[in-house]
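Worksheet for the structure shown next.
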Amino acid sequence: MPLFKYRAVDENGRAATGTMEEASARQVTALLRERGLQVNSVEPVEQRWGIPRLGRRLTWEEVSLFNEQLTAITRGNLPLVESLRALAVDIDSPRLRPVFAALQRELEGGATLEEALVGLERQLPPTYVSAIRAGERTGNLPGVLAMLGDESARMVALKNDLRAALAYPILVVIAAALVLGFLLRYVVPEFASIFEDFGAQLPWITQVMLDASTWVQRRWLFLLSGLGIAVVFLFVWWRGFGHGRARSVFMDRVRLLCGPFGRMYYAVSLSRFLRNLAMLEASEVPLVEGLGLSAAASGNAVLERAVAHARAAVSQGEPLSRAFEDAGFFDHTLCWLLATAEERGDVIETLRHLANMYARNSERLGSALTSAITPALLVFLGITVGGIVVAMYLPIFSLADVMSGV
């Protein structure tokens, strides 16, 4: 029988994890519920080596489309199984089609929507699955789907903004590398043959450029191979190892220490965490479970570790604001506003307000960094190309002295 790993919460809010051999994820879920556990996720354990499967989790654009289809079905009071069967045939996305088909098969087999979604947590964000599960339990599935639609739209917008902010600097870096490589590979060697005929002492900057050109010509194949390997490695790490539990706490701490980039990363992580926590609280997901799911969705392993300490304190009855303050990761202002909200009874609205505040901070930092990086890259490109041109033409300015042997 296949092996499954599960994450659950007991009656006291303590996390329970482990593995179990059963015929299906549904049977694992049923057995865990008989033990009095609230199941968060059940996933098959892949018994294989090598590079992990890439792209198995849906993008936020695909999650948004998935949510739109479910919203249309629930609002129109359409038969769920028949609608999913039609979507599995008609949907254009090759990655969404098997998701709808799997959901339809589970429902046809007698599973509830909650049980069917447990098997899709590898494709959908865990916060999304838990929110739908809570919406079905409370009878507010259309309202939860509307909130999820807003959340997925925000995530798509944030993703597009980050892409737009990084596109121009990346293009400038690529252009600088191509221009520098072309000059060192093809232009500088032409000047080198001319200078050799003179047989005179060359300026130091010219000699440095000639030595660099010679080095590039001899090792250009190794340079291209190394660049290709580095790109493939980064792609595999980002897609296969760069998400969820595989994120390194050390690497995230390094990111947080990278000056303005670290502050932007901190703000983005907190915005994701707080927004997901507000959404799960509004969906009536238990607080301890919502903290764990929201931390996992933040993409920050340091934040996830801090929230784990906060969860333990909350499960013992400590207020959320005090638990955050004791965790040592959250800003004093955040903890103070949250404590005030707990006294007033509007925690959900305060969490949304804080999420928007950190999102605006990240946008301001991103705009400032883009405004500063772009001119700096252009200056770097100008200095690099200009330096090569000056180095090559500098001996020509004293050509008469070189030819006379002075």
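Numbering starts fresh at 1 for the residues of each chain in the structure tokens, the chains themselves are lettered A, B, ... in the order given, and ligands are numbered from 1 as they appear.
Residue neighbourhood of Thr370 in chain A, excluding near-sequence residues (fewer than 2 positions): Ala165, Leu166, Tyr168, Pro169, Leu365, Gly366, Ser367, Ala368, Ala372, Ile373, Thr374 and Pro375 of chain A, at 9 Å, using only C-alpha atoms.
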Please dump the current selection as a CSV table (one decimal), in the first residue's frame; keep N, CA and C atoms.
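Done, and the output landed in selection_17.csv:
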```csv
chain,number,residue,atom,x,y,z
A,165,ALA,N,9.1,45.4,-12.0
A,165,ALA,CA,10.2,46.2,-11.3
A,165,ALA,C,11.6,45.6,-11.6
A,166,LEU,N,11.6,44.3,-11.8
A,166,LEU,CA,12.9,43.6,-12.0
A,166,LEU,C,13.3,43.5,-13.4
A,168,TYR,N,13.5,45.6,-16.1
A,168,TYR,CA,14.5,46.5,-16.7
A,168,TYR,C,15.9,46.4,-16.1
A,169,PRO,N,16.1,46.3,-14.8
A,169,PRO,CA,17.5,46.0,-14.3
A,169,PRO,C,18.1,44.8,-14.9
A,365,LEU,N,9.5,50.5,-1.1
A,365,LEU,CA,10.9,50.0,-1.1
A,365,LEU,C,11.3,49.5,-2.5
A,366,GLY,N,10.3,48.7,-3.1
A,366,GLY,CA,10.6,48.2,-4.4
A,366,GLY,C,10.8,49.3,-5.5
A,367,SER,N,9.9,50.4,-5.4
A,367,SER,CA,10.0,51.5,-6.3
A,367,SER,C,11.3,52.3,-6.1
A,368,ALA,N,11.7,52.5,-4.8
A,368,ALA,CA,12.9,53.2,-4.5
A,368,ALA,C,14.2,52.4,-5.0
A,372,ALA,N,16.8,53.5,-7.9
A,372,ALA,CA,18.2,53.6,-7.6
A,372,ALA,C,19.1,52.7,-8.4
A,373,ILE,N,18.6,51.4,-8.6
A,373,ILE,CA,19.4,50.4,-9.3
A,373,ILE,C,19.5,50.7,-10.8
A,374,THR,N,18.5,51.2,-11.4
A,374,THR,CA,18.5,51.4,-12.9
A,374,THR,C,19.6,52.5,-13.3
A,375,PRO,N,19.6,53.7,-12.7
A,375,PRO,CA,20.7,54.6,-13.0
A,375,PRO,C,22.1,54.0,-12.7
```
Interatomic distance (Å, one decimal) between CA of Val144 in chain A and CA of Lys159 in chain A =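 That distance, rounded to one decimal, is 22.4 Å.
You will find CA of Pro260 in chain A at 24.4 Å from CA of Asn276 in chain A.
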key: Selected residue of minimal separation from Gly299 in chain A among A:Leu354, A:Met251, A:Ala177, A:Val347, counting only C-alpha atoms   =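 Residue with the minimum atom-to-atom distance to Gly299 in chain A: A:Met251.
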ask   = Among range 211-353 of chain A, which residues carry a DSSP assignment of alpha helix (DSSP H), reported as a ChimeraX atom specification?
value = /A:211-236,249-256,259-282,287-298,301-315,320-327,332-344,347-353
key: Gap from CA of Glu11 in chain A to CA of Arg275 in chain A - Å, one decimal   =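 About the pair CA of Glu11 in chain A and CA of Arg275 in chain A: they are 25.8 Å apart.
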ask   = Can you tell me, as a ChimeraX atom specification, what residues are no more than 8 Å from Val81 in chain A when counting only C-alpha atoms, ignoring any on the same chain fewer than 3 positions away?
value = /A:84-85,104,107-108
